[in-house]
>>> print(open('final32.cif').read())   # mmCIF, C-alpha atoms
data_target
loop_
_atom_site.label_atom_id
_atom_site.label_comp_id
_atom_site.auth_asym_id
_atom_site.auth_seq_id
_atom_site.Cartn_x
_atom_site.Cartn_y
_atom_site.Cartn_z
CA MET A 1 29.70 5.82 6.14
CA GLU A 2 30.75 4.42 9.48
CA ARG A 3 28.24 2.28 11.31
CA ARG A 4 27.71 4.68 14.19
CA TYR A 5 26.98 7.58 11.86
CA ARG A 6 24.58 5.47 9.84
CA ILE A 7 22.78 4.38 13.02
CA ALA A 8 22.59 7.98 14.19
CA VAL A 9 21.12 9.16 10.90
CA VAL A 10 18.69 6.20 10.80
CA CYS A 11 17.50 7.10 14.32
CA LEU A 12 17.06 10.71 13.26
CA LEU A 13 15.06 9.65 10.21
CA LEU A 14 12.93 7.28 12.30
CA PHE A 15 12.21 10.11 14.70
CA THR A 16 11.25 12.31 11.76
CA THR A 17 8.97 9.57 10.42
CA VAL A 18 7.24 9.39 13.79
CA GLY A 19 6.86 13.15 13.58
CA VAL A 20 5.21 12.80 10.17
CA CYS A 21 2.82 10.21 11.63
CA VAL A 22 1.98 12.55 14.52
CA GLN A 23 1.36 15.46 12.15
CA TYR A 24 -0.68 13.18 9.90
CA GLY A 25 -2.69 12.01 12.90
CA GLN A 26 -3.76 15.51 13.79
CA THR A 27 -4.51 16.68 10.27
CA ASP A 28 -8.00 16.14 8.91
CA ARG A 29 -7.72 15.85 5.15
CA TRP A 30 -11.08 14.18 4.61
CA SER A 31 -13.71 16.49 3.16
CA TYR A 32 -16.66 14.49 4.53
CA PRO A 33 -17.77 14.18 8.17
CA SER A 34 -16.47 11.08 9.93
CA ALA A 35 -18.66 8.39 11.52
CA ASP A 36 -17.68 9.75 14.97
CA ALA A 37 -18.69 13.27 13.99
CA ILE A 38 -22.14 12.37 12.65
CA LEU A 39 -22.90 10.34 15.77
CA THR A 40 -21.68 12.86 18.35
CA GLU A 41 -23.22 15.84 16.56
CA PRO A 42 -26.24 14.49 14.66
CA GLY A 43 -27.93 17.89 14.52
CA THR A 44 -24.91 19.53 12.95
CA TYR A 45 -24.65 16.92 10.22
CA ASP A 46 -28.36 16.36 9.59
CA GLY A 47 -28.78 16.41 5.81
CA ALA A 48 -25.03 16.25 5.22
CA THR A 49 -23.49 14.22 2.42
CA VAL A 50 -21.37 11.47 3.90
CA PHE A 51 -18.81 8.95 2.59
CA LEU A 52 -18.36 6.12 5.06
CA PHE A 53 -16.62 2.74 5.21
CA PRO A 54 -18.89 0.59 7.38
CA GLN A 55 -18.68 -3.11 8.05
CA VAL A 56 -22.00 -4.90 7.69
CA GLU A 57 -23.31 -6.59 10.81
CA GLU A 58 -26.62 -7.64 9.34
CA ILE A 59 -28.95 -6.67 6.51
CA ASP A 60 -32.73 -6.70 6.67
CA ARG A 61 -33.85 -7.73 3.16
CA ASP A 62 -37.40 -6.46 3.81
CA THR A 63 -36.66 -2.96 5.06
CA LYS A 64 -33.38 -2.72 3.09
CA LEU A 65 -31.65 -1.47 6.22
CA ILE A 66 -28.07 -2.40 7.03
CA THR A 67 -26.95 -2.51 10.64
CA VAL A 68 -23.32 -1.47 10.94
CA GLU A 69 -20.79 -3.14 13.22
CA ASP A 70 -19.61 -1.16 16.26
CA VAL A 71 -21.39 2.11 15.41
CA PRO A 72 -25.06 3.02 16.00
CA TYR A 73 -26.03 4.27 12.55
CA ARG A 74 -27.77 2.30 9.84
CA VAL A 75 -27.67 2.41 6.08
CA ASP A 76 -30.77 2.46 3.91
CA VAL A 77 -29.97 0.76 0.60
CA GLY A 78 -33.50 0.98 -0.78
CA ALA A 79 -32.34 3.16 -3.67
CA ILE A 80 -29.47 0.87 -4.60
CA ASP A 81 -29.60 -1.65 -7.47
CA PRO A 82 -31.29 -4.75 -5.95
CA THR A 83 -28.83 -7.12 -7.65
CA LEU A 84 -25.99 -5.35 -5.87
CA VAL A 85 -27.87 -5.36 -2.55
CA GLU A 86 -28.37 -9.12 -2.91
CA THR A 87 -24.60 -9.58 -2.85
CA ILE A 88 -24.12 -7.68 0.43
CA LYS A 89 -23.58 -10.20 3.20
CA PRO A 90 -22.94 -9.90 6.96
CA GLY A 91 -19.24 -9.28 7.47
CA ALA A 92 -18.87 -7.38 4.20
CA SER A 93 -16.81 -4.17 4.11
CA ILE A 94 -18.55 -1.57 2.00
CA GLN A 95 -18.34 2.08 1.02
CA VAL A 96 -21.46 4.20 1.33
CA TYR A 97 -22.11 7.60 -0.21
CA GLY A 98 -25.36 9.27 0.72
CA THR A 99 -27.30 11.65 2.95
CA TYR A 100 -27.38 11.46 6.74
CA ASP A 101 -30.56 11.88 8.76
CA GLY A 102 -29.52 13.08 12.21
CA ASP A 103 -32.90 12.24 13.81
CA SER A 104 -33.10 8.61 12.75
CA ARG A 105 -29.30 8.12 12.40
CA VAL A 106 -29.82 6.55 9.03
CA VAL A 107 -27.67 7.15 5.96
CA THR A 108 -29.75 6.96 2.80
CA ALA A 109 -27.29 5.48 0.33
CA GLU A 110 -27.02 6.87 -3.20
CA THR A 111 -24.02 4.72 -4.12
CA VAL A 112 -22.51 1.60 -2.55
CA VAL A 113 -19.25 -0.17 -3.38
CA ILE A 114 -18.46 -3.55 -1.90
CA ASP A 115 -14.75 -3.66 -0.99
CA MET A 116 -14.86 -7.12 0.57
CA GLY A 117 -17.88 -9.36 0.29
CA GLY A 118 -17.16 -11.30 3.45
CA LEU A 119 -14.72 -13.65 5.14
CA ALA A 120 -13.53 -15.28 1.90
CA ASP A 121 -12.52 -11.93 0.42
CA ARG A 122 -10.86 -10.85 3.64
CA LEU A 123 -8.89 -14.11 3.81
CA TYR A 124 -7.88 -13.75 0.17
CA VAL A 125 -6.41 -10.29 0.74
CA TYR A 126 -4.60 -11.31 3.93
CA VAL A 127 -3.19 -14.57 2.51
CA MET A 128 -2.06 -12.89 -0.71
CA SER A 129 -0.41 -10.12 1.28
CA VAL A 130 1.46 -12.60 3.49
CA LEU A 131 2.56 -14.49 0.36
CA GLY A 132 3.67 -11.27 -1.29
CA GLY A 133 5.69 -10.31 1.77
CA LEU A 134 7.38 -13.69 1.90
CA LEU A 135 8.09 -13.52 -1.84
CA ALA A 136 9.67 -10.07 -1.57
CA ALA A 137 11.73 -11.00 1.51
CA GLY A 138 12.90 -14.32 0.11
CA TRP A 139 13.76 -12.81 -3.27
CA PHE A 140 15.73 -10.02 -1.58
CA LEU A 141 17.66 -12.41 0.66
CA ARG A 142 18.58 -14.48 -2.36
CA TYR A 143 20.86 -11.64 -3.48
CA TRP A 144 21.66 -9.86 -0.22
CA ARG A 145 22.83 -11.05 3.17
CA VAL A 146 22.73 -9.28 6.50
CA ASN A 147 26.02 -8.30 8.10
CA TRP A 148 24.80 -8.09 11.70
CA ARG A 149 28.08 -6.68 12.97
CA GLU A 150 28.02 -3.75 10.63
CA LEU A 151 24.20 -3.60 10.50
CA ARG A 152 24.04 -3.46 6.74
CA PHE A 153 23.11 -5.50 3.68
CA GLU A 154 25.91 -6.89 1.56
CA PRO A 155 25.66 -8.58 -1.83
CA ARG A 156 25.96 -12.35 -1.80
CA GLY A 157 28.71 -13.80 -3.95
CA ASP A 158 30.77 -11.63 -6.25
CA GLN A 159 29.92 -7.92 -6.46
CA MET B 160 -5.80 -1.42 -2.33
CA ALA B 161 -4.11 -4.21 -4.23
CA GLU B 162 -2.67 -7.09 -2.24
CA TRP B 163 1.08 -7.61 -1.97
CA VAL B 164 1.53 -10.30 -4.62
CA THR B 165 0.24 -7.82 -7.18
CA HIS B 166 2.57 -5.09 -5.94
CA VAL B 167 5.56 -7.46 -6.00
CA LEU B 168 4.77 -8.66 -9.53
CA VAL B 169 4.28 -5.11 -10.82
CA GLY B 170 7.56 -4.11 -9.19
CA TYR B 171 9.34 -7.07 -10.78
CA ALA B 172 7.96 -6.27 -14.23
CA LEU B 173 8.74 -2.57 -14.03
CA PHE B 174 12.29 -2.86 -12.72
CA THR B 175 13.19 -5.79 -14.96
CA ALA B 176 12.06 -3.79 -17.99
CA LEU B 177 14.00 -0.76 -16.73
CA GLY B 178 17.02 -3.01 -16.44
CA TRP B 179 16.98 -3.38 -20.23
CA VAL B 180 18.08 0.25 -20.50
CA VAL B 181 19.87 0.83 -17.18
CA GLU B 182 23.01 -1.25 -17.22
CA TRP B 183 23.56 -1.58 -13.47
CA LEU B 184 19.94 -2.57 -12.79
CA GLU B 185 20.59 -6.30 -12.53
CA PRO B 186 18.59 -8.80 -10.43
CA ARG B 187 20.18 -7.87 -7.10
CA TRP B 188 18.95 -4.29 -7.59
CA ILE B 189 15.62 -5.27 -9.08
CA VAL B 190 14.77 -6.98 -5.78
CA VAL B 191 15.47 -3.71 -3.94
CA GLY B 192 12.85 -2.03 -6.09
CA ILE B 193 10.50 -4.93 -5.34
CA VAL B 194 10.96 -4.38 -1.60
CA GLY B 195 10.17 -0.70 -2.22
CA SER B 196 6.89 -1.71 -3.83
CA ILE B 197 5.52 -2.90 -0.47
CA LEU B 198 7.10 -0.18 1.72
CA PRO B 199 4.00 2.05 1.91
CA ASP B 200 2.01 -0.78 3.47
CA LEU B 201 4.21 -0.69 6.57
CA ASP B 202 1.22 1.23 7.94
CA ARG B 203 -0.10 -2.26 8.67
CA PHE B 204 1.95 -2.11 11.84
CA GLY B 205 -1.25 -0.41 12.94
CA LEU B 206 -2.93 -3.82 12.98
CA VAL B 207 -0.50 -4.89 15.71
CA ILE B 208 -0.13 -1.57 17.52
CA PRO B 209 -3.22 0.54 16.74
CA GLY B 210 -2.63 4.23 16.18
CA ASP B 211 -5.32 5.03 18.75
CA LEU B 212 -3.37 3.07 21.35
CA VAL B 213 -0.20 5.00 20.55
CA SER B 214 -2.16 8.25 20.84
CA GLU B 215 -3.57 7.17 24.18
CA LEU B 216 -0.20 6.16 25.60
CA THR B 217 1.73 9.17 24.35
CA GLY B 218 -0.95 11.84 24.49
CA LEU B 219 -0.06 12.72 20.89
CA PRO B 220 -2.27 12.24 17.85
CA PHE B 221 -0.75 9.43 15.79
CA GLY B 222 -1.67 7.95 12.44
CA TRP B 223 0.20 5.05 10.82
CA GLY B 224 -1.09 6.37 7.51
CA GLY B 225 1.78 8.85 7.66
CA VAL B 226 4.12 6.19 6.25
CA GLN B 227 1.92 5.84 3.20
CA THR B 228 2.36 9.48 2.20
CA VAL B 229 4.85 11.27 -0.04
CA ALA B 230 6.76 12.38 3.06
CA GLY B 231 6.61 8.93 4.59
CA ILE B 232 7.93 7.01 1.61
CA VAL B 233 10.83 9.45 1.14
CA LEU B 234 11.84 8.93 4.78
CA LEU B 235 11.41 5.14 4.66
CA SER B 236 13.43 4.96 1.45
CA ALA B 237 16.22 6.97 3.09
CA ILE B 238 16.17 4.69 6.12
CA GLY B 239 16.30 1.63 3.88
CA ALA B 240 19.14 3.11 1.84
CA LEU B 241 21.25 3.60 4.94
CA LEU B 242 21.05 -0.14 5.59
CA PHE B 243 23.43 -0.54 2.65
CA GLY B 244 27.13 0.03 3.23
CA GLU B 245 28.73 1.65 0.22
CA ARG B 246 27.75 5.11 -0.97
CA THR B 247 26.90 3.86 -4.49
CA HIS B 248 24.72 1.15 -3.00
CA GLN B 249 22.97 3.67 -0.78
CA GLN B 250 22.21 5.96 -3.69
CA ARG B 251 20.89 3.15 -5.83
CA ALA B 252 18.88 1.71 -2.95
CA PHE B 253 17.27 5.07 -2.19
CA GLY B 254 16.25 5.58 -5.80
CA LEU B 255 14.89 2.06 -6.18
CA LEU B 256 13.05 1.96 -2.85
CA LEU B 257 11.43 5.32 -3.60
CA ALA B 258 10.54 4.30 -7.14
CA GLY B 259 9.11 1.03 -5.86
CA ALA B 260 7.07 2.85 -3.22
CA LEU B 261 5.75 5.24 -5.84
CA THR B 262 4.63 2.32 -8.02
CA HIS B 263 2.72 1.05 -5.00
CA LEU B 264 0.85 4.32 -4.63
CA VAL B 265 0.18 4.50 -8.38
CA VAL B 266 -1.17 0.92 -8.48
CA ASP B 267 -3.47 1.69 -5.52
CA LEU B 268 -4.85 4.86 -7.11
CA PRO B 269 -7.42 3.69 -9.69
CA GLN B 270 -9.67 1.86 -7.25
CA ARG B 271 -13.43 2.17 -7.14
CA TYR B 272 -14.71 4.78 -4.68
CA VAL B 273 -18.33 5.74 -4.15
CA ASP B 274 -17.82 9.42 -4.86
CA GLY B 275 -15.83 8.70 -8.03
CA ARG B 276 -12.59 10.27 -6.80
CA MET B 277 -9.21 8.83 -5.85
CA LEU B 278 -8.14 8.74 -2.19
CA THR B 279 -5.07 10.86 -2.96
CA GLN B 280 -5.63 13.41 -0.22
CA ASP B 281 -3.74 11.17 2.22
CA TYR B 282 -0.99 10.00 -0.16
CA LEU B 283 -0.11 13.60 -0.99
CA PHE B 284 0.46 14.63 2.64
CA PRO B 285 2.01 17.15 3.41
CA LEU B 286 1.13 18.62 0.00
CA PRO B 287 -2.38 20.14 -0.30
CA PRO B 288 -5.17 17.55 -0.62
CA TRP B 289 -6.36 16.91 -4.16
CA ARG B 290 -8.70 14.19 -5.31
CA PRO B 291 -8.85 13.69 -9.06
CA PRO B 292 -11.47 11.41 -10.66
CA THR B 293 -10.82 7.68 -10.44
CA PRO B 294 -11.41 5.23 -13.31
CA GLY B 295 -12.67 2.83 -10.64
CA TRP B 296 -10.98 -0.24 -12.11
CA TYR B 297 -11.01 -2.52 -9.09
CA VAL B 298 -11.62 -3.12 -5.39
CA SER B 299 -9.24 -4.86 -2.98
CA ALA B 300 -10.80 -8.30 -3.30
CA ASP B 301 -10.95 -8.46 -7.11
CA ARG B 302 -9.08 -11.62 -8.14
CA TRP B 303 -8.45 -10.55 -11.73
CA VAL B 304 -5.95 -7.91 -10.62
CA VAL B 305 -3.32 -10.46 -9.58
CA VAL B 306 -4.01 -12.48 -12.74
CA VAL B 307 -3.22 -9.43 -14.89
CA ALA B 308 -0.13 -8.67 -12.80
CA LEU B 309 1.03 -12.27 -13.19
CA ALA B 310 0.50 -12.17 -16.95
CA VAL B 311 2.50 -8.96 -17.26
CA ALA B 312 5.29 -10.27 -15.02
CA LEU B 313 5.44 -13.54 -16.94
CA SER B 314 5.62 -11.68 -20.26
CA VAL B 315 8.47 -9.53 -18.99
CA TYR B 316 10.24 -12.61 -17.64
CA LEU B 317 10.02 -14.37 -21.00
CA ILE B 318 11.21 -11.30 -22.91
CA ASP B 319 14.07 -10.89 -20.44
CA ARG B 320 15.05 -14.55 -20.87
CA TYR B 321 14.97 -14.17 -24.64
CA ARG B 322 17.11 -11.04 -24.49
CA THR B 323 19.75 -12.59 -22.26
CA SER B 324 19.88 -16.06 -23.80
CA PRO B 325 22.91 -16.73 -26.07
CA THR B 326 22.33 -16.47 -29.83
CA PRO B 327 22.08 -19.97 -31.35
CA GLY B 328 25.16 -20.84 -33.41
CA ALA B 329 27.38 -18.14 -31.89
CA THR B 330 30.84 -19.30 -30.84
CA THR B 331 32.60 -18.12 -27.73
CA ALA B 332 36.18 -16.83 -28.16
CA THR B 333 38.66 -18.34 -25.73
CA GLU B 334 41.97 -16.98 -24.53
CA GLY B 335 44.83 -17.72 -26.84
CA ASP B 336 42.62 -18.02 -29.93
#
>>> encode(input="final32.cif", output="structure tokens")
Amino acid sequence: MERRYRIAVVCLLLFTTVGVCVQYGQTDRWSYPSADAILTEPGTYDGATVFLFPQVEEIDRDTKLITVEDVPYRVDVGAIDPTLVETIKPGASIQVYGTYDGDSRVVTAETVVIDMGGLADRLYVYVMSVLGGLLAAGWFLRYWRVNWRELRFEPRGDQ
Amino acid sequence: MAEWVTHVLVGYALFTALGWVVEWLEPRWIVVGIVGSILPDLDRFGLVIPGDLVSELTGLPFGWGGVQTVAGIVLLSAIGALLFGERTHQQRAFGLLLAGALTHLVVDLPQRYVDGRMLTQDYLFPLPPWRPPTPGWYVSADRWVVVVALAVALSVYLIDRYRTSPTPGATTATEGD
């Protein structure tokens, strides 16, 4: 396919991809209320079951209340296994499943999963992802080169 | 979700093993499948240009998560395929990029979620949302995941080396013999 036709089709596909992202952005496929929803309409969602992904700002070991970064609701982990609660640190990214109290703006957690325990976990994921990207790119360029004039990949060496 | 080293290693293992039965699937095509295995995470452009910012500037709702969906990976695979020149190369590239992207979604599925169900409702877009139960095998920061991926990739590498190494004692016929 000639370069100009390929570029035209690529542009069309990119435009379509943007369209998918726009459609995705306006479609709510999550069956639980969002953090924004429970905070702007606390009365509506009082007693609702929620599934949230908060980041821990601080945790009060006495009251078992977690203060969440950037949003004014808290998480009560009193019913959660104490050995798990002990491992929750400030900066951790967690998942919380529980019931929302619209008056106190507290989520009483029934289940908690720790996605990232803190900075070390976050760094691990980022560093490994950068390494993986470099590995994939370097591996690919070992066998393919870029023909900038024709804007395409061509095999290195013999076909 | 698993980090990229795991996705790359899983892609390597899968496509190398497939190459044992698909004649044209040699290393230069295996790496195309490997690139496909990290395609869905192009939604990380959102870390540089947040979707909310795009929405604010354009007045349109925008979610980078669209590239991590069934529709998104088909489109990205088609775009990637068109960066190859020959028709045969384009067809192979499309198939491998899409297969690689699908392995990414499959690897990311069995994570641990508090309500015990997979986060498939977004991956399946624009198909109807469906969230089957998850086995809850890992979370993003679990180190053992990459260790398992490395062990599998290494095993495949060693088997591949054994399969392609010359048989000891075999002689090579030369022209004129």
>>> resolve_selection(input="final32.cif", expression="the PyMOL selection byres ((chain A and resi 105) around 10)", output="JSON, numbers by chain")
{"A": [38, 39, 42, 46, 72, 73, 74, 75, 100, 101, 102, 103, 104, 106, 107, 108]}
>>> closest_residue(input="final32.cif", among="A:Ala92, A:Val71, A:Val20, A:Ala8", to="Thr40 (chain A)", atoms="only C-alpha atoms")
A:Val71
>>> closest_atom_pairs(input="final32.cif", of="chain A", to="chain B", cutoff="6 Å", atoms="all atoms listed in the file", output="JSON lines")
{"residue": "A:Val10", "atom": "CA", "partner": "B:Ile238", "partner_atom": "CA", "distance": 5.5}
{"residue": "A:Val20", "atom": "CA", "partner": "B:Gly225", "partner_atom": "CA", "distance": 5.8}
{"residue": "A:Cys21", "atom": "CA", "partner": "B:Gly225", "partner_atom": "CA", "distance": 4.3}
{"residue": "A:Val22", "atom": "CA", "partner": "B:Phe221", "partner_atom": "CA", "distance": 4.3}
{"residue": "A:Tyr24", "atom": "CA", "partner": "B:Gly225", "partner_atom": "CA", "distance": 5.5}
{"residue": "A:Gly25", "atom": "CA", "partner": "B:Gly222", "partner_atom": "CA", "distance": 4.2}
{"residue": "A:Gln26", "atom": "CA", "partner": "B:Pro220", "partner_atom": "CA", "distance": 5.4}
{"residue": "A:Tyr97", "atom": "CA", "partner": "B:Val273", "partner_atom": "CA", "distance": 5.8}
{"residue": "A:Thr111", "atom": "CA", "partner": "B:Val273", "partner_atom": "CA", "distance": 5.8}
{"residue": "A:Asp115", "atom": "CA", "partner": "B:Val298", "partner_atom": "CA", "distance": 5.4}
{"residue": "A:Met116", "atom": "CA", "partner": "B:Ala300", "partner_atom": "CA", "distance": 5.7}
{"residue": "A:Asp121", "atom": "CA", "partner": "B:Ala300", "partner_atom": "CA", "distance": 5.5}
{"residue": "A:Val125", "atom": "CA", "partner": "B:Glu162", "partner_atom": "CA", "distance": 5.8}
{"residue": "A:Met128", "atom": "CA", "partner": "B:Val164", "partner_atom": "CA", "distance": 5.9}
{"residue": "A:Ser129", "atom": "CA", "partner": "B:Trp163", "partner_atom": "CA", "distance": 4.4}
{"residue": "A:Gly132", "atom": "CA", "partner": "B:Val164", "partner_atom": "CA", "distance": 4.1}
{"residue": "A:Ala136", "atom": "CA", "partner": "B:Val194", "partner_atom": "CA", "distance": 5.8}
{"residue": "A:Phe140", "atom": "CA", "partner": "B:Val190", "partner_atom": "CA", "distance": 5.3}
{"residue": "A:Tyr143", "atom": "CA", "partner": "B:Arg187", "partner_atom": "CA", "distance": 5.3}
{"residue": "A:Arg152", "atom": "CA", "partner": "B:Leu242", "partner_atom": "CA", "distance": 4.6}
{"residue": "A:Phe153", "atom": "CA", "partner": "B:Phe243", "partner_atom": "CA", "distance": 5.1}
>>> resolve_selection(input="final32.cif", expression="the PyMOL selection byres ((chain A and resi 60) around 12)", output="number ranges by chain")
A: 56-59, 61-68, 74-78, 85-86, 88-90
>>> axis_aligned_box(input="final32.cif", around="region 51-65 of chain A", padding_each_side="3 Å", output="JSON")
{"center_x": -27.0, "center_y": 0.6, "center_z": 6.7, "size_x": 26.8, "size_y": 22.7, "size_z": 14.2}
>>> resolve_selection(input="final32.cif", expression="the PyMOL selection byres ((chain A and resi 113) around 6)", output="list in words")
Ile94, Gln95, Val112 and Ile114 of chain A
>>> write_last_selection(input="final32.cif", atoms="C-alpha atoms", output="compact mmCIF listing (two decimals), in the coordinates of the input")
# COMPACT_ATOMS: atom_id res chain seq x y z
CA ILE A 94 -18.55 -1.57 2.00
CA GLN A 95 -18.34 2.08 1.02
CA VAL A 112 -22.51 1.60 -2.55
CA ILE A 114 -18.46 -3.55 -1.90
>>> residues_around(input="final32.cif", residues="Glu154 (chain A)", least_positions_apart="6", cutoff="7 Å", atoms="only C-alpha atoms", output="short mmCIF file (atom, residue, chain, number, x, y, z; two decimals) with C-alpha atoms, in the coordinates of the input")
data_model
loop_
_atom_site.label_atom_id
_atom_site.label_comp_id
_atom_site.auth_asym_id
_atom_site.auth_seq_id
_atom_site.Cartn_x
_atom_site.Cartn_y
_atom_site.Cartn_z
CA TRP A 144 21.66 -9.86 -0.22
CA ARG A 145 22.83 -11.05 3.17
CA VAL A 146 22.73 -9.28 6.50
CA ASN A 147 26.02 -8.30 8.10
CA PHE B 243 23.43 -0.54 2.65
#
>>> closest_residue(input="final32.cif", among="B:Val207, B:Val306, B:Leu216, B:Val229", to="Ala258 (chain B)", atoms="all atoms listed in the file")
B:Val229
>>> atom_distance(input="final32.cif", atom1="CA of Ala252 (chain B)", atom2="CA of Met277 (chain B)")
29.1 Å
>>> atom_distance(input="final32.cif", atom1="CA of Gln250 (chain B)", atom2="CA of Arg156 (chain A)")
18.8 Å
>>> atom_distance(input="final32.cif", atom1="CA of Pro292 (chain B)", atom2="CA of Leu268 (chain B)")
10.0 Å
>>> closest_residue(input="final32.cif", among="B:Asp267, B:Thr293, B:Ala310, B:Leu201", to="Thr17 (chain A)", atoms="only C-alpha atoms")
B:Leu201
>>> build_atoms(input="final32.cif", residues="region 201-214 of chain B", atoms="N, CA, C and O atoms", output="JSON list (two decimals), in the frame of the given file")
[["chain", "number", "residue", "atom", "x", "y", "z"],
["B", 201, "LEU", "N", 3.72, -0.52, 5.21],
["B", 201, "LEU", "CA", 4.21, -0.69, 6.57],
["B", 201, "LEU", "C", 3.24, -0.04, 7.57],
["B", 201, "LEU", "O", 3.39, -0.22, 8.77],
["B", 202, "ASP", "N", 2.23, 0.69, 7.02],
["B", 202, "ASP", "CA", 1.22, 1.23, 7.94],
["B", 202, "ASP", "C", 0.42, 0.10, 8.58],
["B", 202, "ASP", "O", -0.33, 0.32, 9.53],
["B", 203, "ARG", "N", 0.59, -1.11, 8.08],
["B", 203, "ARG", "CA", -0.10, -2.26, 8.67],
["B", 203, "ARG", "C", 0.45, -2.64, 10.04],
["B", 203, "ARG", "O", -0.12, -3.51, 10.70],
["B", 204, "PHE", "N", 1.53, -1.98, 10.44],
["B", 204, "PHE", "CA", 1.95, -2.11, 11.84],
["B", 204, "PHE", "C", 0.79, -1.70, 12.75],
["B", 204, "PHE", "O", 0.71, -2.12, 13.90],
["B", 205, "GLY", "N", -0.08, -0.86, 12.19],
["B", 205, "GLY", "CA", -1.25, -0.41, 12.94],
["B", 205, "GLY", "C", -2.19, -1.54, 13.32],
["B", 205, "GLY", "O", -3.01, -1.39, 14.23],
["B", 206, "LEU", "N", -2.10, -2.67, 12.62],
["B", 206, "LEU", "CA", -2.93, -3.82, 12.98],
["B", 206, "LEU", "C", -2.42, -4.46, 14.27],
["B", 206, "LEU", "O", -3.17, -5.10, 15.00],
["B", 207, "VAL", "N", -1.11, -4.30, 14.51],
["B", 207, "VAL", "CA", -0.50, -4.89, 15.71],
["B", 207, "VAL", "C", -0.51, -3.88, 16.86],
["B", 207, "VAL", "O", -0.84, -4.20, 17.99],
["B", 208, "ILE", "N", -0.13, -2.66, 16.52],
["B", 208, "ILE", "CA", -0.13, -1.57, 17.52],
["B", 208, "ILE", "C", -1.02, -0.46, 16.96],
["B", 208, "ILE", "O", -0.57, 0.41, 16.21],
["B", 209, "PRO", "N", -2.30, -0.45, 17.31],
["B", 209, "PRO", "CA", -3.22, 0.54, 16.74],
["B", 209, "PRO", "C", -2.78, 1.97, 17.00],
["B", 209, "PRO", "O", -2.25, 2.28, 18.07],
["B", 210, "GLY", "N", -3.00, 2.83, 16.03],
["B", 210, "GLY", "CA", -2.63, 4.23, 16.18],
["B", 210, "GLY", "C", -3.33, 4.88, 17.36],
["B", 210, "GLY", "O", -2.75, 5.71, 18.06],
["B", 211, "ASP", "N", -4.57, 4.47, 17.61],
["B", 211, "ASP", "CA", -5.32, 5.03, 18.75],
["B", 211, "ASP", "C", -4.63, 4.68, 20.06],
["B", 211, "ASP", "O", -4.64, 5.50, 21.00],
["B", 212, "LEU", "N", -4.06, 3.48, 20.13],
["B", 212, "LEU", "CA", -3.37, 3.07, 21.35],
["B", 212, "LEU", "C", -2.12, 3.92, 21.55],
["B", 212, "LEU", "O", -1.82, 4.36, 22.66],
["B", 213, "VAL", "N", -1.39, 4.15, 20.47],
["B", 213, "VAL", "CA", -0.20, 5.00, 20.55],
["B", 213, "VAL", "C", -0.59, 6.40, 21.01],
["B", 213, "VAL", "O", 0.08, 7.00, 21.86],
["B", 214, "SER", "N", -1.68, 6.91, 20.46],
["B", 214, "SER", "CA", -2.16, 8.25, 20.84],
["B", 214, "SER", "C", -2.51, 8.29, 22.32],
["B", 214, "SER", "O", -2.19, 9.26, 23.03]]
